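K.L.:
Please find model_30.pdb (PDB, C-alpha atoms) on the next line:
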```pdb
ATOM      1  CA  MET W   1     -25.045  17.888  24.705
ATOM      2  CA  GLY W   2     -23.863  18.233  21.081
ATOM      3  CA  LYS W   3     -23.928  21.343  18.969
ATOM      4  CA  VAL W   4     -27.234  21.802  17.135
ATOM      5  CA  ARG W   5     -28.444  23.946  14.254
ATOM      6  CA  ALA W   6     -30.899  26.793  14.807
ATOM      7  CA  ARG W   7     -34.530  25.855  14.168
ATOM      8  CA  THR W   8     -36.253  29.258  14.198
ATOM      9  CA  GLU W   9     -35.496  32.672  12.685
ATOM     10  CA  LYS W  10     -34.807  34.034  16.157
ATOM     11  CA  GLU W  11     -32.330  31.240  16.857
ATOM     12  CA  PHE W  12     -30.763  31.725  13.431
ATOM     13  CA  ALA W  13     -30.203  35.450  14.093
ATOM     14  CA  ALA W  14     -28.825  34.703  17.549
ATOM     15  CA  ARG W  15     -26.375  32.143  16.154
ATOM     16  CA  LYS W  16     -25.152  34.626  13.555
ATOM     17  CA  GLN W  17     -24.502  37.161  16.302
ATOM     18  CA  GLU W  18     -22.637  34.466  18.225
ATOM     19  CA  ILE W  19     -20.481  33.844  15.152
ATOM     20  CA  LEU W  20     -19.772  37.559  14.737
ATOM     21  CA  THR W  21     -18.786  37.902  18.389
ATOM     22  CA  ALA W  22     -16.422  34.940  18.077
ATOM     23  CA  ALA W  23     -14.947  36.404  14.886
ATOM     24  CA  ARG W  24     -14.441  39.713  16.648
ATOM     25  CA  GLU W  25     -12.601  38.060  19.528
ATOM     26  CA  GLN W  26     -10.337  36.175  17.150
ATOM     27  CA  LEU W  27      -9.650  39.276  15.067
ATOM     28  CA  MET W  28      -8.416  41.125  18.134
ATOM     29  CA  ALA W  29      -6.241  38.196  19.202
ATOM     30  CA  MET W  30      -4.716  36.908  15.948
ATOM     31  CA  ASP W  31      -3.944  37.789  12.352
ATOM     32  CA  TYR W  32      -6.864  37.997   9.951
ATOM     33  CA  GLU W  33      -5.171  35.559   7.577
ATOM     34  CA  SER W  34      -5.038  32.894  10.302
ATOM     35  CA  ILE W  35      -8.781  33.005  10.949
ATOM     36  CA  THR W  36     -11.024  30.464   9.220
ATOM     37  CA  LEU W  37     -14.621  29.336   9.570
ATOM     38  CA  ALA W  38     -13.243  26.356  11.482
ATOM     39  CA  THR W  39     -11.361  28.479  14.026
ATOM     40  CA  ILE W  40     -14.434  30.662  14.492
ATOM     41  CA  ALA W  41     -16.661  27.605  15.007
ATOM     42  CA  GLU W  42     -14.375  26.408  17.790
ATOM     43  CA  LYS W  43     -15.352  29.473  19.819
ATOM     44  CA  THR W  44     -19.102  29.025  19.367
ATOM     45  CA  SER W  45     -21.843  26.525  20.183
ATOM     46  CA  ILE W  46     -22.055  25.730  16.455
ATOM     47  CA  SER W  47     -20.438  22.690  14.888
ATOM     48  CA  ARG W  48     -17.879  23.162  12.147
ATOM     49  CA  SER W  49     -20.106  21.538   9.543
ATOM     50  CA  SER W  50     -23.107  23.644  10.581
ATOM     51  CA  MET W  51     -21.152  26.889  10.087
ATOM     52  CA  TYR W  52     -21.922  26.693   6.380
ATOM     53  CA  HIS W  53     -25.628  26.962   7.221
ATOM     54  CA  TYR W  54     -24.904  30.530   8.366
ATOM     55  CA  TYR W  55     -21.888  31.612   6.320
ATOM     56  CA  ASP W  56     -20.331  30.063   3.242
ATOM     57  CA  ARG W  57     -16.958  31.790   3.663
ATOM     58  CA  LYS W  58     -14.932  33.847   6.093
ATOM     59  CA  GLU W  59     -15.277  37.021   4.058
ATOM     60  CA  SER W  60     -19.054  37.051   4.558
ATOM     61  CA  VAL W  61     -18.565  36.820   8.318
ATOM     62  CA  PHE W  62     -16.290  39.829   8.410
ATOM     63  CA  VAL W  63     -18.483  41.913   6.141
ATOM     64  CA  ASP W  64     -21.358  41.346   8.576
ATOM     65  CA  LEU W  65     -19.027  42.212  11.447
ATOM     66  CA  ILE W  66     -18.054  45.501   9.776
ATOM     67  CA  ILE W  67     -21.737  46.242   9.140
ATOM     68  CA  ARG W  68     -22.574  45.567  12.796
ATOM     69  CA  GLU W  69     -19.821  47.944  13.885
ATOM     70  CA  TYR W  70     -21.044  50.634  11.493
ATOM     71  CA  ARG W  71     -24.599  50.297  12.821
ATOM     72  CA  GLU W  72     -23.387  50.777  16.389
ATOM     73  CA  TRP W  73     -21.286  53.740  15.291
ATOM     74  CA  GLY W  74     -24.268  55.296  13.516
ATOM     75  CA  GLU W  75     -26.428  55.004  16.629
ATOM     76  CA  GLN W  76     -23.755  56.757  18.665
ATOM     77  CA  MET W  77     -23.634  59.578  16.116
ATOM     78  CA  LYS W  78     -27.351  60.351  16.326
ATOM     79  CA  PRO W  79     -27.145  62.553  19.446
ATOM     80  CA  LEU W  80     -25.143  64.972  17.292
ATOM     81  CA  LEU W  81     -28.369  65.546  15.349
ATOM     82  CA  GLU W  82     -30.164  66.807  18.457
ATOM     83  CA  ARG W  83     -28.187  69.957  19.210
ATOM     84  CA  ARG W  84     -25.333  71.881  17.681
ATOM     85  CA  CYS W  85     -21.992  72.085  19.395
ATOM     86  CA  SER W  86     -18.681  73.802  18.823
ATOM     87  CA  ARG W  87     -16.197  72.375  16.339
ATOM     88  CA  GLU W  88     -13.999  71.419  19.281
ATOM     89  CA  GLN W  89     -16.846  69.512  20.939
ATOM     90  CA  PHE W  90     -17.758  67.883  17.633
ATOM     91  CA  CYS W  91     -14.201  66.638  17.106
ATOM     92  CA  ARG W  92     -13.899  65.508  20.722
ATOM     93  CA  THR W  93     -17.138  63.533  20.433
ATOM     94  CA  LEU W  94     -15.969  61.907  17.201
ATOM     95  CA  THR W  95     -12.661  61.027  18.834
ATOM     96  CA  ASP W  96     -14.376  59.443  21.836
ATOM     97  CA  ILE W  97     -16.678  57.409  19.585
ATOM     98  CA  LEU W  98     -13.872  56.231  17.314
ATOM     99  CA  TRP W  99     -11.612  55.348  20.232
ATOM    100  CA  GLY W 100     -14.383  53.132  21.587
ATOM    101  CA  HIS W 101     -14.575  51.135  18.332
ATOM    102  CA  GLU W 102     -11.300  49.251  18.420
ATOM    103  CA  THR W 103     -12.723  46.416  16.333
ATOM    104  CA  LEU W 104     -13.959  48.737  13.599
ATOM    105  CA  LEU W 105     -10.634  50.578  13.508
ATOM    106  CA  LYS W 106      -8.759  47.317  13.015
ATOM    107  CA  LEU W 107     -11.215  46.155  10.348
ATOM    108  CA  LEU W 108     -10.832  49.454   8.497
ATOM    109  CA  SER W 109      -7.035  49.222   8.695
ATOM    110  CA  LEU W 110      -7.163  45.880   6.853
ATOM    111  CA  HIS W 111      -8.994  47.401   3.848
ATOM    112  CA  LEU W 112     -10.670  44.015   3.402
ATOM    113  CA  PRO W 113     -13.212  44.698   0.637
ATOM    114  CA  ILE W 114     -10.555  46.496  -1.435
ATOM    115  CA  ARG W 115      -7.451  44.363  -1.028
ATOM    116  CA  ASN W 116      -8.845  40.854  -0.533
ATOM    117  CA  HIS W 117      -9.925  38.970  -3.645
ATOM    118  CA  GLY W 118     -12.448  36.967  -1.605
ATOM    119  CA  TYR W 119     -14.715  40.013  -1.532
ATOM    120  CA  ASP W 120     -16.524  39.774  -4.858
ATOM    121  CA  ASP W 121     -19.105  42.110  -6.403
ATOM    122  CA  SER W 122     -22.052  40.513  -4.604
ATOM    123  CA  ILE W 123     -20.451  41.051  -1.207
ATOM    124  CA  LEU W 124     -19.473  44.610  -2.100
ATOM    125  CA  ARG W 125     -23.021  45.439  -3.202
ATOM    126  CA  TYR W 126     -24.411  43.953   0.013
ATOM    127  CA  PHE W 127     -21.885  45.925   2.051
ATOM    128  CA  ALA W 128     -22.771  49.184   0.280
ATOM    129  CA  GLU W 129     -26.502  48.654   0.812
ATOM    130  CA  GLU W 130     -26.210  47.728   4.475
ATOM    131  CA  THR W 131     -23.878  50.608   5.373
ATOM    132  CA  LEU W 132     -25.921  53.222   3.498
ATOM    133  CA  PRO W 133     -27.882  54.199   6.663
ATOM    134  CA  PHE W 134     -24.595  55.003   8.401
ATOM    135  CA  GLN W 135     -23.391  57.031   5.424
ATOM    136  CA  ASN W 136     -26.649  58.982   5.476
ATOM    137  CA  THR W 137     -26.396  59.562   9.215
ATOM    138  CA  ILE W 138     -22.904  61.014   9.085
ATOM    139  CA  LYS W 139     -23.878  63.216   6.130
ATOM    140  CA  GLU W 140     -26.837  64.519   8.137
ATOM    141  CA  VAL W 141     -24.648  65.098  11.183
ATOM    142  CA  VAL W 142     -22.093  67.136   9.256
ATOM    143  CA  ALA W 143     -24.823  69.158   7.505
ATOM    144  CA  PHE W 144     -26.563  69.808  10.846
ATOM    145  CA  GLN W 145     -23.421  70.743  12.766
ATOM    146  CA  PHE W 146     -21.972  72.912   9.987
ATOM    147  CA  PRO W 147     -24.966  74.506   8.229
ATOM    148  CA  ASP W 148     -22.866  77.314   6.739
ATOM    149  CA  ALA W 149     -20.458  74.961   5.000
ATOM    150  CA  GLY W 150     -21.019  74.362   1.310
ATOM    151  CA  ARG W 151     -21.782  70.960  -0.178
ATOM    152  CA  LYS W 152     -18.289  70.775  -1.686
ATOM    153  CA  GLU W 153     -16.653  71.402   1.691
ATOM    154  CA  ARG W 154     -18.882  68.877   3.456
ATOM    155  CA  ASN W 155     -18.237  66.206   0.817
ATOM    156  CA  LEU W 156     -14.493  66.836   0.981
ATOM    157  CA  PHE W 157     -14.549  66.470   4.761
ATOM    158  CA  LEU W 158     -16.471  63.168   4.510
ATOM    159  CA  ILE W 159     -13.982  61.755   2.006
ATOM    160  CA  GLN W 160     -10.988  62.848   4.056
ATOM    161  CA  PHE W 161     -12.627  61.583   7.249
ATOM    162  CA  SER W 162     -13.146  58.155   5.691
ATOM    163  CA  VAL W 163      -9.514  57.952   4.614
ATOM    164  CA  TYR W 164      -8.378  59.177   8.029
ATOM    165  CA  CYS W 165     -10.351  56.510   9.877
ATOM    166  CA  HIS W 166      -8.506  53.783   7.976
ATOM    167  CA  SER W 167      -5.222  54.901   9.547
ATOM    168  CA  LEU W 168      -6.324  55.295  13.159
ATOM    169  CA  TYR W 169      -5.740  51.711  14.292
ATOM    170  CA  GLU W 170      -1.996  52.010  13.686
ATOM    171  CA  THR W 171      -2.020  55.387  15.443
ATOM    172  CA  LYS W 172      -3.772  53.923  18.466
ATOM    173  CA  TYR W 173      -1.421  50.981  18.747
ATOM    174  CA  LEU W 174       1.640  53.133  18.369
ATOM    175  CA  SER W 175       0.878  54.292  21.897
ATOM    176  CA  LEU W 176       0.320  50.756  23.185
ATOM    177  CA  ASN W 177       3.192  48.854  21.573
ATOM    178  CA  GLN W 178       5.894  51.386  20.744
ATOM    179  CA  THR W 179       5.628  54.148  23.331
ATOM    180  CA  ASP W 180       8.556  52.960  25.467
ATOM    181  CA  THR W 181      10.857  52.758  22.467
ATOM    182  CA  MET W 182       9.752  56.147  21.156
ATOM    183  CA  TRP W 183      10.334  57.810  24.536
ATOM    184  CA  GLU W 184      13.931  56.537  24.509
ATOM    185  CA  MET W 185      14.568  58.472  21.314
ATOM    186  CA  PRO W 186      15.873  62.067  21.363
ATOM    187  CA  PHE W 187      12.481  63.729  20.708
ATOM    188  CA  PRO W 188      10.115  62.475  23.445
ATOM    189  CA  ASP W 189       8.510  65.829  24.137
ATOM    190  CA  VAL W 190       6.870  65.954  20.702
ATOM    191  CA  ILE W 191       4.931  62.681  21.056
ATOM    192  CA  PRO W 192       1.398  63.405  22.323
ATOM    193  CA  PRO W 193      -1.023  60.676  23.402
ATOM    194  CA  ALA W 194      -2.472  58.832  20.403
ATOM    195  CA  GLU W 195      -5.995  59.941  21.267
ATOM    196  CA  GLU W 196      -4.869  63.573  21.090
ATOM    197  CA  ILE W 197      -3.285  62.886  17.715
ATOM    198  CA  CYS W 198      -6.700  61.665  16.541
ATOM    199  CA  TYR W 199      -8.436  64.764  17.909
ATOM    200  CA  ASP W 200      -5.869  67.110  16.397
ATOM    201  CA  GLY W 201      -6.271  65.403  13.031
ATOM    202  CA  LEU W 202     -10.045  65.821  13.139
ATOM    203  CA  MET W 203      -9.644  69.492  14.010
ATOM    204  CA  LYS W 204      -7.465  69.966  10.944
ATOM    205  CA  LEU W 205      -9.865  68.033   8.697
ATOM    206  CA  SER W 206     -12.873  70.014   9.902
ATOM    207  CA  ALA W 207     -11.206  73.418   9.485
ATOM    208  CA  GLY W 208     -12.584  73.615   5.959
ATOM    209  CA  LEU W 209     -16.129  73.415   7.321
ATOM    210  CA  ILE W 210     -15.782  76.801   9.021
ATOM    211  CA  SER W 211     -16.264  79.838   6.843
ATOM    212  CA  GLU W 212     -13.626  82.508   7.108
ATOM    213  CA  GLU W 213     -15.003  85.911   8.016
TER     214      GLU W 213
END
```
Could you show the structure in this file as structure tokens?
P.N.:
Amino acid sequence: MGKVRARTEKEFAARKQEILTAAREQLMAMDYESITLATIAEKTSISRSSMYHYYDRKESVFVDLIIREYREWGEQMKPLLERRCSREQFCRTLTDILWGHETLLKLLSLHLPIRNHGYDDSILRYFAEETLPFQNTIKEVVAFQFPDAGRKERNLFLIQFSVYCHSLYETKYLSLNQTDTMWEMPFPDVIPPAEEICYDGLMKLSAGLISEE
């Protein structure tokens, strides 16, 4: 049976999710620059020519993939709006959530909308609109968990947190690809697990949210 185009809105949405899943798998297995609509189509039930019915370019696929990852991340953050926890628990929860989003960490490390000329103003506006719910969620979480922090301190934390997240993929893969080499060097005792590096970094970033008595 040949590959066919979706005929209903439900089928259309399902095919787009299939495309995003295929793009995710390729992103984790190869360089972003080597991925094309054609290589993505090969991993789906959609013909190469029909791909343009869903996406007109690779950049649009990856923007939707980033948005999907942000939506999942936002849903996982919502329990932090139900009860307050210690700063240590807050940072540990953030670490666990981030460490479970390997795809998002790699996408953030690529800085796609900023560095790639294929991401024009229309895509950037769409991206900003679709990720606004996540931005609102994390703002609400920080305000709820740190009610005594001022707006300036909360905004500074959010900016620093965003920048920090863009560097975590390299930190995570330092432990996977370079650990053996690092341990052969003369300072092995000072290399903690990458996940602990992430947690420690979040503790430092969030220190400004705690008022000094």
K.L.:
Can you turn the PyMOL selection byres ((chain W and resi 78-95) around 12) into a concrete residue list for this file, as a PyMOL selection string?
P.N.:
chain W and resi 71-77+96-102+105+133-134+136-147+161+164-165+168+172+194-210
K.L.:
Kindly give the distance, in Å, that separates CA of Arg154 (chain W) and CA of Leu132 (chain W), rounded to a single decimal.
P.N.:
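Between CA of Arg154 (chain W) and CA of Leu132 (chain W) the gap works out to 17.2 Å.
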K.L.:
Could you tell me which of W:Asp120, W:Glu153, W:Glu170, W:Glu25 comes closest to Arg57 (chain W) if we count only C-alpha atoms?
P.N.:
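Result for the nearest residue to Arg57 (chain W): W:Asp120.
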K.L.:
Pull out every residue that the PyMOL selection byres ((chain W and resi 42) around 12) matches in the shown coordinates and put them as an MDAnalysis selection string.
P.N.:
chainID W and resid 3 18:19 22:23 25:26 35:41 43:51
K.L.:
Take CA of Ala14 (chain W) and CA of Tyr54 (chain W) and report the distance between them in Å, one decimal.
P.N.:
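Atom-to-atom, CA of Ala14 (chain W) and CA of Tyr54 (chain W) are spaced 10.8 Å apart.
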K.L.:
Kindly list the centre and edge lengths in Å, rounded to one decimal, for the axis-aligned box that covers all listed atoms of region 143-150 of chain W plus 8 Å on each of its six sides, as lines of an AutoDock Vina configuration file.
P.N.:
```
center_x = -23.5
center_y = 73.2
center_z = 7.0
size_x = 22.1
size_y = 24.2
size_z = 27.5
```
K.L.:
What is the CA of Glu69 (chain W)-CA of Tyr119 (chain W) distance in Å, reported with one decimal?
P.N.:
18.1 Å
K.L.:
Would you kindly return, as a list in words, each protein, DNA or RNA residue with an atom no farther than 12 Å from any atom of Glu130 (chain W), considering only C-alpha atoms and excluding same-chain residues fewer than 4 positions away?
P.N.:
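In the requested form, the answer reads Val63, Asp64, Leu65, Ile66, Ile67, Arg68, Glu69, Tyr70, Arg71, Gly74, Ile123, Leu124, Arg125, Tyr126, Phe134, Gln135 and Asn136 of chain W.
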K.L.:
Keeping only C-alpha atoms, write those residues as an mmCIF file, in the frame of the given file.
P.N.:
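What landed in again_10.cif:
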```
data_model
loop_
_atom_site.group_PDB
_atom_site.id
_atom_site.type_symbol
_atom_site.label_atom_id
_atom_site.label_comp_id
_atom_site.auth_asym_id
_atom_site.auth_seq_id
_atom_site.Cartn_x
_atom_site.Cartn_y
_atom_site.Cartn_z
ATOM 1 C CA VAL W 63 -18.483 41.913 6.141
ATOM 2 C CA ASP W 64 -21.358 41.346 8.576
ATOM 3 C CA LEU W 65 -19.027 42.212 11.447
ATOM 4 C CA ILE W 66 -18.054 45.501 9.776
ATOM 5 C CA ILE W 67 -21.737 46.242 9.140
ATOM 6 C CA ARG W 68 -22.574 45.567 12.796
ATOM 7 C CA GLU W 69 -19.821 47.944 13.885
ATOM 8 C CA TYR W 70 -21.044 50.634 11.493
ATOM 9 C CA ARG W 71 -24.599 50.297 12.821
ATOM 10 C CA GLY W 74 -24.268 55.296 13.516
ATOM 11 C CA ILE W 123 -20.451 41.051 -1.207
ATOM 12 C CA LEU W 124 -19.473 44.610 -2.100
ATOM 13 C CA ARG W 125 -23.021 45.439 -3.202
ATOM 14 C CA TYR W 126 -24.411 43.953 0.013
ATOM 15 C CA PHE W 134 -24.595 55.003 8.401
ATOM 16 C CA GLN W 135 -23.391 57.031 5.424
ATOM 17 C CA ASN W 136 -26.649 58.982 5.476
#
```
K.L.:
Residues picked by the PyMOL selection byres ((chain W and resi 32) around 12) here, as JSON, numbers by chain?
P.N.:
{"W": [23, 24, 25, 26, 27, 28, 29, 30, 31, 33, 34, 35, 36, 37, 39, 40, 58, 59, 61, 62, 106, 107, 109, 110, 111, 112, 116]}
K.L.:
Nearest to Tyr169 (chain W) among W:Leu108, W:Ala128, W:Leu20, W:Ala13, with distances taken over all atoms listed in the file: which residue is it?
P.N.:
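When distances to Tyr169 (chain W) are compared using all atoms listed in the file, the smallest one comes from W:Leu108.
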K.L.:
How would region 161-172 of chain W look with all heavy atoms restored, written as a compact mmCIF listing (two decimals), keeping the file's coordinate frame?
P.N.:
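Heads up, here's the output in rebuild.txt:
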```
# COMPACT_ATOMS: atom_id res chain seq x y z
N PHE W 161 -12.34 62.26 5.99
CA PHE W 161 -12.63 61.58 7.25
C PHE W 161 -12.59 60.07 7.07
O PHE W 161 -12.04 59.34 7.90
CB PHE W 161 -13.99 62.02 7.76
CG PHE W 161 -14.44 61.33 9.02
CD1 PHE W 161 -13.76 61.51 10.21
CD2 PHE W 161 -15.55 60.50 9.00
CE1 PHE W 161 -14.17 60.88 11.38
CE2 PHE W 161 -15.96 59.86 10.16
CZ PHE W 161 -15.28 60.05 11.35
N SER W 162 -13.16 59.59 5.97
CA SER W 162 -13.15 58.16 5.69
C SER W 162 -11.72 57.63 5.55
O SER W 162 -11.36 56.60 6.12
CB SER W 162 -13.95 57.87 4.42
OG SER W 162 -13.90 56.49 4.10
N VAL W 163 -10.91 58.35 4.80
CA VAL W 163 -9.51 57.95 4.61
C VAL W 163 -8.78 57.99 5.95
O VAL W 163 -7.99 57.08 6.28
CB VAL W 163 -8.82 58.88 3.60
CG1 VAL W 163 -7.32 58.59 3.52
CG2 VAL W 163 -9.47 58.73 2.21
N TYR W 164 -9.04 59.01 6.73
CA TYR W 164 -8.38 59.18 8.03
C TYR W 164 -8.69 58.01 8.96
O TYR W 164 -7.80 57.50 9.65
CB TYR W 164 -8.84 60.50 8.63
CG TYR W 164 -8.13 60.90 9.90
CD1 TYR W 164 -6.76 61.13 9.92
CD2 TYR W 164 -8.84 61.10 11.09
CE1 TYR W 164 -6.11 61.52 11.07
CE2 TYR W 164 -8.20 61.50 12.24
CZ TYR W 164 -6.83 61.70 12.24
OH TYR W 164 -6.19 62.09 13.38
N CYS W 165 -9.94 57.59 8.98
CA CYS W 165 -10.35 56.51 9.88
C CYS W 165 -9.60 55.21 9.59
O CYS W 165 -9.37 54.41 10.49
CB CYS W 165 -11.86 56.27 9.76
SG CYS W 165 -12.86 57.56 10.51
N HIS W 166 -9.22 55.01 8.34
CA HIS W 166 -8.51 53.78 7.98
C HIS W 166 -7.09 53.74 8.54
O HIS W 166 -6.46 52.67 8.53
CB HIS W 166 -8.47 53.63 6.45
CG HIS W 166 -9.76 53.17 5.85
ND1 HIS W 166 -10.86 53.99 5.75
CD2 HIS W 166 -10.15 51.98 5.34
CE1 HIS W 166 -11.86 53.33 5.19
NE2 HIS W 166 -11.47 52.11 4.94
N SER W 167 -6.59 54.86 9.02
CA SER W 167 -5.22 54.90 9.55
C SER W 167 -5.17 54.95 11.07
O SER W 167 -4.08 54.88 11.65
CB SER W 167 -4.48 56.12 8.99
OG SER W 167 -5.04 57.32 9.51
N LEU W 168 -6.32 55.05 11.72
CA LEU W 168 -6.32 55.30 13.16
C LEU W 168 -5.91 54.09 14.00
O LEU W 168 -5.41 54.26 15.11
CB LEU W 168 -7.71 55.77 13.60
CG LEU W 168 -8.08 57.19 13.18
CD1 LEU W 168 -9.48 57.54 13.65
CD2 LEU W 168 -7.07 58.20 13.74
N TYR W 169 -6.12 52.88 13.50
CA TYR W 169 -5.74 51.71 14.29
C TYR W 169 -4.24 51.70 14.55
O TYR W 169 -3.79 51.46 15.67
CB TYR W 169 -6.16 50.43 13.59
CG TYR W 169 -5.91 49.19 14.41
CD1 TYR W 169 -6.75 48.86 15.47
CD2 TYR W 169 -4.83 48.35 14.14
CE1 TYR W 169 -6.51 47.73 16.24
CE2 TYR W 169 -4.60 47.22 14.89
CZ TYR W 169 -5.44 46.91 15.95
OH TYR W 169 -5.20 45.79 16.71
N GLU W 170 -3.45 51.97 13.51
CA GLU W 170 -2.00 52.01 13.69
C GLU W 170 -1.60 53.14 14.64
O GLU W 170 -0.70 52.99 15.46
CB GLU W 170 -1.31 52.21 12.33
CG GLU W 170 -1.30 50.98 11.44
CD GLU W 170 -2.60 50.79 10.67
OE1 GLU W 170 -3.52 51.62 10.84
OE2 GLU W 170 -2.70 49.82 9.90
N THR W 171 -2.31 54.26 14.54
CA THR W 171 -2.02 55.39 15.44
C THR W 171 -2.30 55.00 16.89
O THR W 171 -1.51 55.29 17.79
CB THR W 171 -2.88 56.61 15.06
OG1 THR W 171 -2.60 56.99 13.72
CG2 THR W 171 -2.59 57.78 15.99
N LYS W 172 -3.41 54.32 17.11
CA LYS W 172 -3.77 53.92 18.47
C LYS W 172 -2.75 52.95 19.04
O LYS W 172 -2.33 53.06 20.19
CB LYS W 172 -5.16 53.29 18.47
CG LYS W 172 -5.63 52.89 19.86
CD LYS W 172 -7.09 52.45 19.84
CE LYS W 172 -7.58 52.18 21.26
NZ LYS W 172 -9.01 51.82 21.30
```
